[in-house]
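Trainee: Below is the file final36.txt, with compact mmCIF, C-alpha atoms.
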# COMPACT_ATOMS: atom_id res chain seq x y z
CA MET I 1 3.08 -1.51 12.26
CA GLN I 2 1.39 -4.93 12.12
CA TYR I 3 -1.04 -6.26 9.55
CA LYS I 4 -4.57 -6.84 10.92
CA ASP I 5 -6.82 -9.69 9.80
CA TYR I 6 -10.26 -8.09 9.98
CA TYR I 7 -11.99 -11.34 9.01
CA ALA I 8 -10.44 -13.09 12.01
CA VAL I 9 -11.50 -10.22 14.27
CA MET I 10 -15.09 -10.62 13.06
CA GLY I 11 -14.97 -14.42 13.11
CA VAL I 12 -16.13 -14.78 9.50
CA ASP I 13 -14.70 -16.31 6.32
CA LYS I 14 -13.22 -14.12 3.60
CA GLY I 15 -16.09 -15.06 1.31
CA ALA I 16 -18.78 -14.07 3.84
CA ALA I 17 -21.86 -12.27 2.54
CA GLN I 18 -22.58 -8.76 3.76
CA ASP I 19 -25.55 -9.92 5.90
CA GLU I 20 -23.29 -12.42 7.65
CA ILE I 21 -20.77 -9.68 8.42
CA LYS I 22 -23.53 -7.45 9.79
CA ARG I 23 -24.82 -10.21 12.05
CA ALA I 24 -21.32 -10.93 13.33
CA TYR I 25 -20.82 -7.26 14.14
CA ARG I 26 -24.07 -6.99 16.08
CA ARG I 27 -23.24 -10.10 18.09
CA LEU I 28 -19.69 -8.96 18.92
CA ALA I 29 -20.71 -5.38 19.62
CA ARG I 30 -23.18 -6.62 22.23
CA LYS I 31 -20.59 -8.98 23.67
CA TYR I 32 -17.87 -6.36 24.08
CA HIS I 33 -19.81 -3.15 24.66
CA PRO I 34 -17.94 -1.48 27.57
CA ASP I 35 -21.19 -0.48 29.32
CA VAL I 36 -22.42 -4.05 29.74
CA SER I 37 -19.56 -6.46 29.03
CA LYS I 38 -17.74 -8.33 31.76
CA GLU I 39 -15.13 -9.62 29.30
CA THR I 40 -11.45 -8.87 29.88
CA ASP I 41 -10.26 -5.95 27.72
CA ALA I 42 -13.84 -5.40 26.51
CA GLU I 43 -13.18 -1.83 25.41
CA LYS I 44 -10.14 -2.88 23.35
CA HIS I 45 -12.09 -5.68 21.65
CA PHE I 46 -15.06 -3.38 21.03
CA LYS I 47 -12.79 -0.92 19.24
CA GLU I 48 -11.17 -3.68 17.16
CA VAL I 49 -14.58 -5.02 16.09
CA GLY I 50 -15.74 -1.52 15.14
CA GLU I 51 -12.62 -0.96 13.07
CA ALA I 52 -12.98 -4.29 11.25
CA TYR I 53 -16.66 -3.63 10.53
CA GLU I 54 -15.88 -0.15 9.20
CA VAL I 55 -13.89 -1.84 6.44
CA LEU I 56 -15.83 -5.04 5.77
CA LYS I 57 -19.29 -3.43 5.69
CA ASP I 58 -18.27 -1.25 2.74
CA PRO I 59 -17.69 -3.19 -0.52
CA GLU I 60 -15.23 -0.57 -1.77
CA LYS I 61 -13.03 -0.60 1.30
CA ARG I 62 -13.35 -4.37 1.55
CA ALA I 63 -12.22 -4.88 -2.05
CA ALA I 64 -9.17 -2.69 -1.53
CA TYR I 65 -8.35 -4.44 1.75
CA ASP I 66 -8.68 -7.88 0.13
CA GLN I 67 -6.37 -6.90 -2.71
CA LEU I 68 -3.76 -5.49 -0.36
CA GLY I 69 -3.94 -8.34 2.14
CA ALA I 70 -3.56 -11.23 -0.30
CA ASN I 71 0.06 -11.86 0.73
CA TRP I 72 0.00 -10.85 4.40
CA LYS I 73 -0.79 -12.59 7.67
CA ALA I 74 -1.96 -11.09 10.94
CA GLY I 75 0.89 -9.83 13.10
CA GLN I 76 3.41 -9.49 10.27
CA ASP I 77 5.29 -6.21 9.94
CA PHE I 78 3.44 -4.21 7.34
CA ARG I 79 3.87 -1.13 5.18
CA PRO I 80 1.43 -0.47 2.34
CA PRO I 81 3.33 -0.49 -0.96
CA PRO I 82 3.30 2.66 -3.09
CA ASP I 83 0.18 3.13 -5.22
CA TRP I 84 -1.41 -0.02 -3.79
CA ASP I 85 -4.86 1.45 -4.54
CA ALA I 86 -4.25 2.17 -8.24
CA GLY I 87 -6.82 0.72 -10.61
CA PHE I 88 -9.71 0.56 -8.11
CA GLU I 89 -12.85 2.42 -9.14
CA PHE I 90 -14.73 3.99 -6.24
CA SER I 91 -18.00 5.87 -5.93
CA GLY I 92 -17.32 7.22 -2.45
CA GLY I 93 -20.82 6.31 -1.35
CA GLY I 94 -20.97 4.79 2.12
CA PHE I 95 -17.57 6.01 3.26
CA THR I 96 -17.65 7.10 6.90
CA ASP I 97 -13.96 7.67 7.51
CA GLY I 98 -14.35 11.24 8.68
CA ASP I 99 -11.85 10.60 11.48
CA ALA I 100 -9.64 7.67 10.58
CA SER I 101 -7.35 8.48 13.50
CA GLN I 102 -9.93 7.02 15.90
CA TYR I 103 -8.83 3.60 14.67
CA SER I 104 -5.40 1.93 14.55
CA ASP I 105 -2.34 3.10 12.65
CA PHE I 106 -2.95 0.19 10.28
CA PHE I 107 -6.43 1.46 9.41
CA GLU I 108 -5.28 5.06 9.05
CA SER I 109 -2.43 4.08 6.74
CA LEU I 110 -4.96 2.53 4.34
CA PHE I 111 -8.13 4.55 4.70
CA GLY I 112 -7.01 7.85 6.19
CA GLN I 113 -6.77 11.27 4.62
CA GLY I 114 -5.10 10.19 1.38
CA PHE I 115 -7.61 7.47 0.57
CA GLY I 116 -10.65 9.53 1.56
CA SER I 117 -9.67 12.66 -0.31
CA ALA I 118 -8.67 10.75 -3.43
CA PHE I 119 -11.83 8.72 -3.79
CA ARG I 120 -14.61 10.58 -2.03
CA SER I 121 -17.16 11.49 -4.68
CA SER I 122 -18.90 14.80 -4.94
CA GLN I 123 -22.49 14.04 -4.03
CA ARG I 124 -24.66 14.97 -6.95
CA GLY I 125 -28.10 15.65 -5.60
CA GLY I 126 -31.36 15.11 -7.35
CA GLY I 127 -34.90 14.86 -6.14
CA GLY I 128 -37.84 12.89 -7.38
CA PHE I 129 -37.74 9.97 -9.73
CA HIS I 130 -35.06 11.45 -11.99
CA ALA I 131 -31.64 11.84 -10.43
CA PRO I 132 -28.09 12.10 -11.78
CA GLY I 133 -25.67 9.29 -11.13
CA GLN I 134 -22.75 9.51 -8.73
CA ASP I 135 -19.30 10.48 -9.87
CA HIS I 136 -16.68 7.75 -9.72
CA HIS I 137 -12.97 8.12 -8.95
CA ALA I 138 -9.90 6.01 -9.65
CA LYS I 139 -6.14 6.39 -9.42
CA VAL I 140 -4.27 5.28 -12.54
CA LEU I 141 -0.57 4.84 -13.29
CA ILE I 142 1.02 6.19 -16.47
CA ASP I 143 4.57 6.47 -17.76
CA LEU I 144 6.39 9.78 -17.37
CA GLU I 145 6.97 9.84 -21.13
CA ASP I 146 3.18 10.05 -21.64
CA ALA I 147 3.22 13.46 -19.95
CA PHE I 148 5.86 14.67 -22.42
CA HIS I 149 4.26 13.48 -25.62
CA GLY I 150 0.62 12.74 -24.82
CA ALA I 151 -0.80 9.30 -25.52
CA THR I 152 -3.89 7.13 -25.72
CA ARG I 153 -3.76 4.29 -23.24
CA SER I 154 -5.95 1.27 -22.50
CA ILE I 155 -6.72 1.38 -18.76
CA THR I 156 -8.44 -1.41 -16.85
CA LEU I 157 -10.44 -0.52 -13.73
CA HIS I 158 -11.85 -2.80 -11.05
CA ALA I 159 -15.07 -1.88 -9.25
CA PRO I 160 -16.51 -3.90 -6.32
CA GLU I 161 -20.18 -4.89 -6.45
CA LEU I 162 -22.55 -7.11 -4.47
CA ASP I 163 -24.27 -10.00 -6.22
CA PRO I 164 -27.94 -10.79 -5.47
CA ARG I 165 -26.88 -13.03 -2.54
CA GLY I 166 -24.82 -10.29 -0.92
CA HIS I 167 -21.42 -11.69 -1.89
CA MET I 168 -18.81 -9.30 -3.16
CA ILE I 169 -17.68 -9.57 -6.77
CA THR I 170 -15.43 -7.38 -8.90
CA ARG I 171 -16.58 -5.82 -12.14
CA GLU I 172 -13.81 -5.09 -14.61
CA ARG I 173 -13.94 -2.63 -17.46
CA THR I 174 -11.34 -1.32 -19.91
CA LEU I 175 -11.35 2.24 -21.25
CA ASN I 176 -9.27 3.91 -23.93
CA VAL I 177 -8.14 7.14 -22.30
CA ARG I 178 -6.40 10.07 -23.94
CA ILE I 179 -3.51 11.27 -21.76
CA PRO I 180 -2.98 14.98 -22.51
CA LYS I 181 0.52 16.29 -23.06
CA GLY I 182 1.74 18.11 -19.96
CA VAL I 183 -0.42 16.23 -17.44
CA ARG I 184 0.92 16.49 -13.89
CA GLN I 185 1.08 13.95 -11.10
CA GLY I 186 -2.05 14.32 -8.99
CA GLN I 187 -4.02 15.97 -11.80
CA GLN I 188 -7.46 14.55 -12.58
CA ILE I 189 -8.79 13.65 -16.02
CA ARG I 190 -12.58 13.89 -16.29
CA LEU I 191 -14.45 11.38 -18.44
CA ALA I 192 -17.98 12.70 -18.82
CA GLY I 193 -20.76 10.16 -18.40
CA GLN I 194 -18.47 7.28 -17.32
CA GLY I 195 -19.58 7.29 -13.68
CA ALA I 196 -22.67 5.63 -12.22
CA PRO I 197 -25.83 5.61 -14.35
CA GLY I 198 -28.57 8.08 -13.46
CA ILE I 199 -32.07 7.25 -12.27
CA GLY I 200 -34.86 7.69 -14.78
CA ARG I 201 -33.81 10.40 -17.21
CA GLY I 202 -31.00 11.55 -14.93
CA ALA I 203 -27.60 11.95 -16.55
CA ALA I 204 -24.82 9.52 -15.73
CA GLY I 205 -22.11 10.66 -13.36
CA ASP I 206 -18.56 11.37 -14.43
CA LEU I 207 -15.37 9.38 -13.90
CA TYR I 208 -12.34 11.21 -12.53
CA LEU I 209 -8.95 9.58 -13.09
CA GLU I 210 -6.22 10.77 -10.74
CA ILE I 211 -2.83 10.59 -12.45
CA GLU I 212 0.19 8.99 -10.82
CA PHE I 213 3.51 8.27 -12.54
CA ARG I 214 5.01 4.82 -12.44
CA PRO I 215 8.43 4.70 -10.80
CA HIS I 216 11.02 5.54 -13.46
CA PRO I 217 14.48 3.94 -13.63
CA LEU I 218 16.12 7.31 -14.38
CA TYR I 219 13.97 10.24 -13.30
CA ARG I 220 12.38 11.62 -10.15
CA VAL I 221 9.47 14.04 -10.43
CA ASP I 222 8.72 17.06 -8.26
CA GLY I 223 5.73 18.99 -9.62
CA ARG I 224 6.71 19.84 -13.18
CA ASP I 225 10.45 19.51 -12.47
CA ILE I 226 12.45 16.36 -13.19
CA TYR I 227 15.66 15.18 -11.54
CA LEU I 228 18.25 12.79 -12.97
CA ASP I 229 21.36 11.49 -11.19
CA LEU I 230 24.15 11.85 -13.78
CA PRO I 231 27.34 9.81 -13.24
CA VAL I 232 30.54 11.61 -14.27
CA SER I 233 34.17 10.57 -14.03
CA PRO I 234 36.57 12.40 -11.68
CA TRP I 235 38.39 13.99 -14.63
CA GLU I 236 35.12 15.14 -16.24
CA ALA I 237 34.16 16.83 -12.97
CA ALA I 238 37.61 18.33 -12.39
CA LEU I 239 38.48 19.43 -15.93
CA GLY I 240 35.04 19.98 -17.43
CA ALA I 241 33.56 18.02 -20.30
CA LYS I 242 30.70 17.68 -22.73
CA VAL I 243 28.62 14.53 -22.12
CA LYS I 244 25.45 12.94 -23.43
CA LEU I 245 22.36 13.43 -21.21
CA PRO I 246 19.17 11.37 -21.67
CA THR I 247 15.93 13.33 -21.28
CA PRO I 248 12.32 12.17 -21.76
CA ALA I 249 12.30 14.20 -24.99
CA GLY I 250 15.56 12.74 -26.32
CA VAL I 251 19.33 12.75 -25.82
CA ILE I 252 21.11 16.14 -25.63
CA ASP I 253 24.65 17.41 -25.06
CA LEU I 254 25.41 18.80 -21.61
CA THR I 255 28.46 20.81 -20.60
CA ILE I 256 29.96 19.89 -17.23
CA PRO I 257 31.71 22.96 -15.76
CA ALA I 258 35.27 22.47 -14.61
CA GLY I 259 35.67 22.08 -10.84
CA SER I 260 32.25 20.49 -10.32
CA ASN I 261 31.58 18.55 -7.13
CA SER I 262 29.38 15.52 -6.54
CA GLY I 263 25.81 16.66 -5.83
CA ARG I 264 26.00 19.78 -7.98
CA LYS I 265 22.71 20.47 -9.79
CA LEU I 266 22.83 21.62 -13.39
CA ARG I 267 19.53 23.20 -14.41
CA LEU I 268 18.15 22.81 -17.92
CA LYS I 269 15.41 25.41 -18.11
CA GLY I 270 12.13 24.37 -19.69
CA ARG I 271 13.09 20.71 -20.18
CA GLY I 272 10.78 19.39 -17.48
CA ILE I 273 7.12 18.47 -17.96
CA PRO I 274 5.75 20.70 -20.74
CA ALA I 275 3.18 23.40 -20.01
CA ALA I 276 2.54 27.09 -20.66
CA SER I 277 5.29 27.48 -18.07
CA SER I 278 7.26 24.26 -18.46
CA GLY I 279 9.17 22.68 -15.63
CA ASP I 280 12.95 22.30 -15.54
CA LEU I 281 15.23 19.30 -15.68
CA TYR I 282 18.01 19.04 -13.10
CA ALA I 283 21.06 16.88 -13.71
CA VAL I 284 22.51 15.99 -10.29
CA LEU I 285 26.19 15.14 -10.70
CA GLN I 286 27.43 11.93 -9.08
CA ILE I 287 31.18 11.34 -9.33
CA ALA I 288 31.80 7.70 -10.23
CA LEU I 289 35.18 6.22 -9.37
CA PRO I 290 36.78 3.71 -11.74
CA PRO I 291 37.56 0.40 -10.00
CA ALA I 292 41.11 -0.48 -9.01
CA ASP I 293 40.71 -3.99 -10.36
CA ASN I 294 44.02 -4.49 -12.13
CA ALA I 295 47.70 -3.67 -11.66
CA LYS I 296 47.68 -0.63 -13.95
CA ALA I 297 44.67 0.90 -12.20
CA ASN I 298 46.25 0.29 -8.80
CA GLU I 299 49.44 1.99 -9.93
CA LEU I 300 47.49 5.04 -11.18
CA TYR I 301 45.68 5.38 -7.83
CA ARG I 302 48.96 5.13 -5.92
CA LYS I 303 50.48 7.80 -8.15
CA MET I 304 47.47 10.09 -7.59
CA ALA I 305 47.77 9.60 -3.83
CA GLU I 306 51.45 10.61 -3.95
CA GLU I 307 51.24 13.55 -6.33
CA LEU I 308 47.91 15.15 -5.39
CA ALA I 309 48.28 14.97 -1.61
CA PHE I 310 44.51 15.30 -1.35
CA ASN I 311 42.78 15.03 2.05
CA PRO I 312 38.98 14.75 1.62
CA ARG I 313 38.54 15.10 5.39
CA ALA I 314 40.41 18.36 5.78
CA GLY I 315 37.21 20.19 6.57
CA LEU I 316 36.58 17.89 9.55
CA GLY I 317 39.71 19.06 11.35
CA VAL I 318 41.28 15.61 11.25
Can I see the file as structure tokens?

Mentor:
Amino acid sequence: MQYKDYYAVMGVDKGAAQDEIKRAYRRLARKYHPDVSKETDAEKHFKEVGEAYEVLKDPEKRAAYDQLGANWKAGQDFRPPPDWDAGFEFSGGGFTDGDASQYSDFFESLFGQGFGSAFRSSQRGGGGFHAPGQDHHAKVLIDLEDAFHGATRSITLHAPELDPRGHMITRERTLNVRIPKGVRQGQQIRLAGQGAPGIGRGAAGDLYLEIEFRPHPLYRVDGRDIYLDLPVSPWEAALGAKVKLPTPAGVIDLTIPAGSNSGRKLRLKGRGIPAASSGDLYAVLQIALPPADNAKANELYRKMAEELAFNPRAGLGV
């Protein structure tokens, strides 16, 4: 998949005001409309212009696109990095991505189902002069350990806004957020009254923070369960042993059963993410071979080869 430069498609600068983007769209839409255009590949260009405008007309999509595209050029191979949209505060107002698949794979990868469902606000109605404010949404990254112990974290959010001249700016705010013990990935934390202000005497909207875990050097998370690749020596796997196992709640002793193979999963019930029904922790055994980097080690390996007569490929019929 290739990165698309929507500003180049529209023929505007990255700092263009919203009115300038709207004028460019109207001009190009007339130029390439398939019903009237005599341009080569008019239908293709018309679709590209519509896709670019879908992003640049909306300050929220535009801010996310600008952040993601800072280090990319048109035509480069592109894959959005994990959690690229974390820290952006969205209201959901103005989103029209009901069918992102009508655009390119590039567009859908950024603003398709995941983006829309994560940040589309619930529309809070209200008639007359007094109306409640919109709910806001944001994805935030926390450490896995916060889910085990609970924590209070300072979280900075970035929200796109238009200045009086129609240029996009970013408003930054920092909140102290209590992370509850046992929070799951994908769970939302509601902060009452931290969304958009209401009109008149209308109450402010709420802010919903969707929780994602930062990549951890040791653990993988699946729901409330946690997986850890545990290196063991060949003799620990063959003979059995008691080894130290790090867990997010502290180091414990783990018994390795004799005759264990690489890939075996040892389940520690209830040592996953805590809850009324806590998850489990799985230690996945990985047999680590000592290096044959000296004469003594080489001699030991040669002796094992002679005395064990072990063929790891016997099951392959060779």

Trainee: Please provide as a ChimeraX atom specification all residues within 7 Å of range 182-194 of chain I, with the sequence filter that same-chain residues fewer than 6 positions apart are discarded (counting all atoms listed in the file).

Mentor: /I:147-148,204-213,223-224,273-275

Trainee: Rounded to one decimal, what separation in Å do you get between CA of Ile169 in chain I and CA of Ser104 in chain I?

Mentor: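 Spanning CA of Ile169 in chain I to CA of Ser104 in chain I is a straight-line distance of 27.2 Å.
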
Trainee: In Å, rounded to a single decimal, give me how far CA of Asp58 in chain I is from CA of Glu20 in chain I.

Mentor: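 Interatomic distance, CA of Glu20 in chain I to CA of Asp58 in chain I: 13.2 Å.
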
Trainee: Which residues come within 9 Å of Ala237 in chain I, counting all atoms listed in the file, excluding same-chain residues fewer than 3 positions away, as number ranges by chain?

Mentor: I: 232-234, 240-241, 256-262, 285, 287

Trainee: Record the distance separating CA of Asp146 in chain I and CA of Phe88 in chain I, expressed in Å with one decimal.

Mentor: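 These two atoms are separated by 21.0 Å.
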
Trainee: With distances taken over only C-alpha atoms, which residue among I:Ile142, I:Ala42, I:Leu68, I:Ala159 lies nearest Phe90 in chain I?

Mentor: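 For Phe90 in chain I, the nearest of the given residues is I:Ala159.
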
Trainee: Could you check the closest approach to Glu108 in chain I for each of I:Ile21, I:Val140, I:Leu162, I:Glu51 and tell me which residue wins, using only C-alpha atoms?

Mentor: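 Answer, going by the shortest atom-to-atom distance: I:Glu51.
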
Trainee: Just checking: using all atoms listed in the file, which residue out of I:Asp253, I:Asp222, I:Glu39, I:Glu89 ends up closest to Ala196 in chain I?

Mentor: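 Going through I:Asp253, I:Asp222, I:Glu39, I:Glu89 one by one, the smallest distance to Ala196 in chain I is for I:Glu89.
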
Trainee: Which residues come within 7 Å of Met1 in chain I, counting only C-alpha atoms, excluding same-chain residues fewer than 5 positions away, as a ChimeraX atom specification?

Mentor: /I:77-78,106

Trainee: Determine, counting all atoms listed in the file, every residue of protein, DNA or RNA that lies within 12 Å of (-15.8, -8.5, -14.0) in the file coordinates, then give the result as a list in words.

Mentor: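 Every polymer residue passing the test: Thr156, Leu157, His158, Ala159, Pro160, Glu161, Leu162, Asp163, Met168, Ile169, Thr170, Arg171, Glu172, Arg173 and Thr174 of chain I.
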
Trainee: Residues at most 10 Å from Leu281 in chain I, counting all atoms listed in the file, excluding those fewer than 5 positions away in the same chain, as a list in words?

Mentor: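 The contact residues come out as Tyr219, Arg220, Val221, Arg224, Asp225, Ile226, Tyr227, Leu228, Thr247, Pro248, Lys265, Leu266, Arg267, Leu268, Lys269, Gly270, Arg271, Gly272 and Ile273 of chain I.
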
Trainee: Excluding same-chain residues fewer than 6 positions from Asp13 in chain I, what lies within 12 Å of it counting all atoms listed in the file, as a short mmCIF file (atom, residue, chain, number, x, y, z; two decimals) with C-alpha atoms, in the frame of the given file?

Mentor:
data_model
loop_
_atom_site.label_atom_id
_atom_site.label_comp_id
_atom_site.auth_asym_id
_atom_site.auth_seq_id
_atom_site.Cartn_x
_atom_site.Cartn_y
_atom_site.Cartn_z
CA ASP I 5 -6.82 -9.69 9.80
CA TYR I 6 -10.26 -8.09 9.98
CA TYR I 7 -11.99 -11.34 9.01
CA GLU I 20 -23.29 -12.42 7.65
CA ILE I 21 -20.77 -9.68 8.42
CA ALA I 24 -21.32 -10.93 13.33
CA LEU I 56 -15.83 -5.04 5.77
CA HIS I 167 -21.42 -11.69 -1.89
#

Trainee: Of the residues I:Arg27, I:Lys181, I:Lys22, I:Lys38, which is the one nearest to Lys57 in chain I, using all atoms listed in the file?

Mentor: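 Closest residue, counting all atoms listed in the file: I:Lys22.
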
Trainee: Rank I:Glu48, I:Tyr65, I:Leu141, I:Asp135 by their smallest atom-to-atom distance to Ser91 in chain I, using all atoms listed in the file, and report the top residue only.

Mentor: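 That would be I:Asp135, the residue with the smallest distance to Ser91 in chain I.
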
Trainee: Name the closest residue to Asp85 in chain I among the candidates I:Gln102, I:Gln286, I:Ser154, I:Ser109; distances are taken between atoms, counting all atoms listed in the file.

Mentor: I:Ser109

Trainee: For range 274-302 of chain I, which lacks atoms in the input, supply N, CA and C atoms and format the output as a tab-separated table (two decimals), in the coordinates of the input.

Mentor:
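Saved file part37.tsv follows:
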chain	number	residue	atom	x	y	z
I	274	PRO	N	6.17	19.54	-19.94
I	274	PRO	CA	5.75	20.70	-20.74
I	274	PRO	C	4.45	21.32	-20.24
I	275	ALA	N	4.37	22.64	-20.39
I	275	ALA	CA	3.18	23.40	-20.01
I	275	ALA	C	3.36	24.80	-20.55
I	276	ALA	N	2.37	25.69	-20.30
I	276	ALA	CA	2.54	27.09	-20.66
I	276	ALA	C	3.79	27.64	-20.00
I	277	SER	N	4.04	27.19	-18.77
I	277	SER	CA	5.29	27.48	-18.07
I	277	SER	C	5.91	26.14	-17.71
I	278	SER	N	6.74	25.62	-18.62
I	278	SER	CA	7.26	24.26	-18.46
I	278	SER	C	8.17	24.15	-17.25
I	279	GLY	N	8.25	22.93	-16.72
I	279	GLY	CA	9.17	22.68	-15.63
I	279	GLY	C	10.60	22.59	-16.13
I	280	ASP	N	11.53	22.39	-15.21
I	280	ASP	CA	12.95	22.30	-15.54
I	280	ASP	C	13.44	20.88	-15.30
I	281	LEU	N	14.56	20.57	-15.92
I	281	LEU	CA	15.23	19.30	-15.68
I	281	LEU	C	16.54	19.59	-14.95
I	282	TYR	N	16.79	18.86	-13.87
I	282	TYR	CA	18.01	19.04	-13.10
I	282	TYR	C	18.86	17.78	-13.21
I	283	ALA	N	20.09	17.96	-13.71
I	283	ALA	CA	21.06	16.88	-13.71
I	283	ALA	C	21.89	16.99	-12.43
I	284	VAL	N	21.80	15.98	-11.57
I	284	VAL	CA	22.51	15.99	-10.29
I	284	VAL	C	23.77	15.15	-10.47
I	285	LEU	N	24.94	15.82	-10.41
I	285	LEU	CA	26.19	15.14	-10.70
I	285	LEU	C	26.55	14.16	-9.59
I	286	GLN	N	26.95	12.96	-10.00
I	286	GLN	CA	27.43	11.93	-9.08
I	286	GLN	C	28.77	11.44	-9.61
I	287	ILE	N	29.85	11.73	-8.87
I	287	ILE	CA	31.18	11.34	-9.33
I	287	ILE	C	31.35	9.84	-9.14
I	288	ALA	N	31.63	9.16	-10.24
I	288	ALA	CA	31.80	7.70	-10.23
I	288	ALA	C	33.28	7.38	-10.32
I	289	LEU	N	33.78	6.58	-9.41
I	289	LEU	CA	35.18	6.22	-9.37
I	289	LEU	C	35.43	4.95	-10.17
I	290	PRO	N	36.44	4.96	-11.03
I	290	PRO	CA	36.78	3.71	-11.74
I	290	PRO	C	37.35	2.70	-10.77
I	291	PRO	N	37.08	1.42	-10.96
I	291	PRO	CA	37.56	0.40	-10.00
I	291	PRO	C	39.06	0.17	-10.13
I	292	ALA	N	39.68	-0.09	-9.01
I	292	ALA	CA	41.11	-0.48	-9.01
I	292	ALA	C	41.18	-1.99	-9.08
I	293	ASP	N	40.86	-2.53	-10.23
I	293	ASP	CA	40.71	-3.99	-10.36
I	293	ASP	C	41.80	-4.64	-11.19
I	294	ASN	N	42.88	-3.89	-11.45
I	294	ASN	CA	44.02	-4.49	-12.13
I	294	ASN	C	45.28	-3.73	-11.72
I	295	ALA	N	46.43	-4.25	-12.12
I	295	ALA	CA	47.70	-3.67	-11.66
I	295	ALA	C	47.87	-2.24	-12.15
I	296	LYS	N	47.51	-1.97	-13.40
I	296	LYS	CA	47.68	-0.63	-13.95
I	296	LYS	C	46.81	0.38	-13.21
I	297	ALA	N	45.56	-0.01	-12.92
I	297	ALA	CA	44.67	0.90	-12.20
I	297	ALA	C	45.18	1.15	-10.78
I	298	ASN	N	45.69	0.12	-10.14
I	298	ASN	CA	46.25	0.29	-8.80
I	298	ASN	C	47.43	1.25	-8.81
I	299	GLU	N	48.28	1.12	-9.84
I	299	GLU	CA	49.44	1.99	-9.93
I	299	GLU	C	49.02	3.44	-10.14
I	300	LEU	N	47.99	3.67	-10.96
I	300	LEU	CA	47.49	5.04	-11.18
I	300	LEU	C	46.95	5.64	-9.89
I	301	TYR	N	46.22	4.86	-9.10
I	301	TYR	CA	45.68	5.38	-7.83
I	301	TYR	C	46.82	5.70	-6.85
I	302	ARG	N	47.84	4.85	-6.81
I	302	ARG	CA	48.96	5.13	-5.92
I	302	ARG	C	49.70	6.40	-6.35
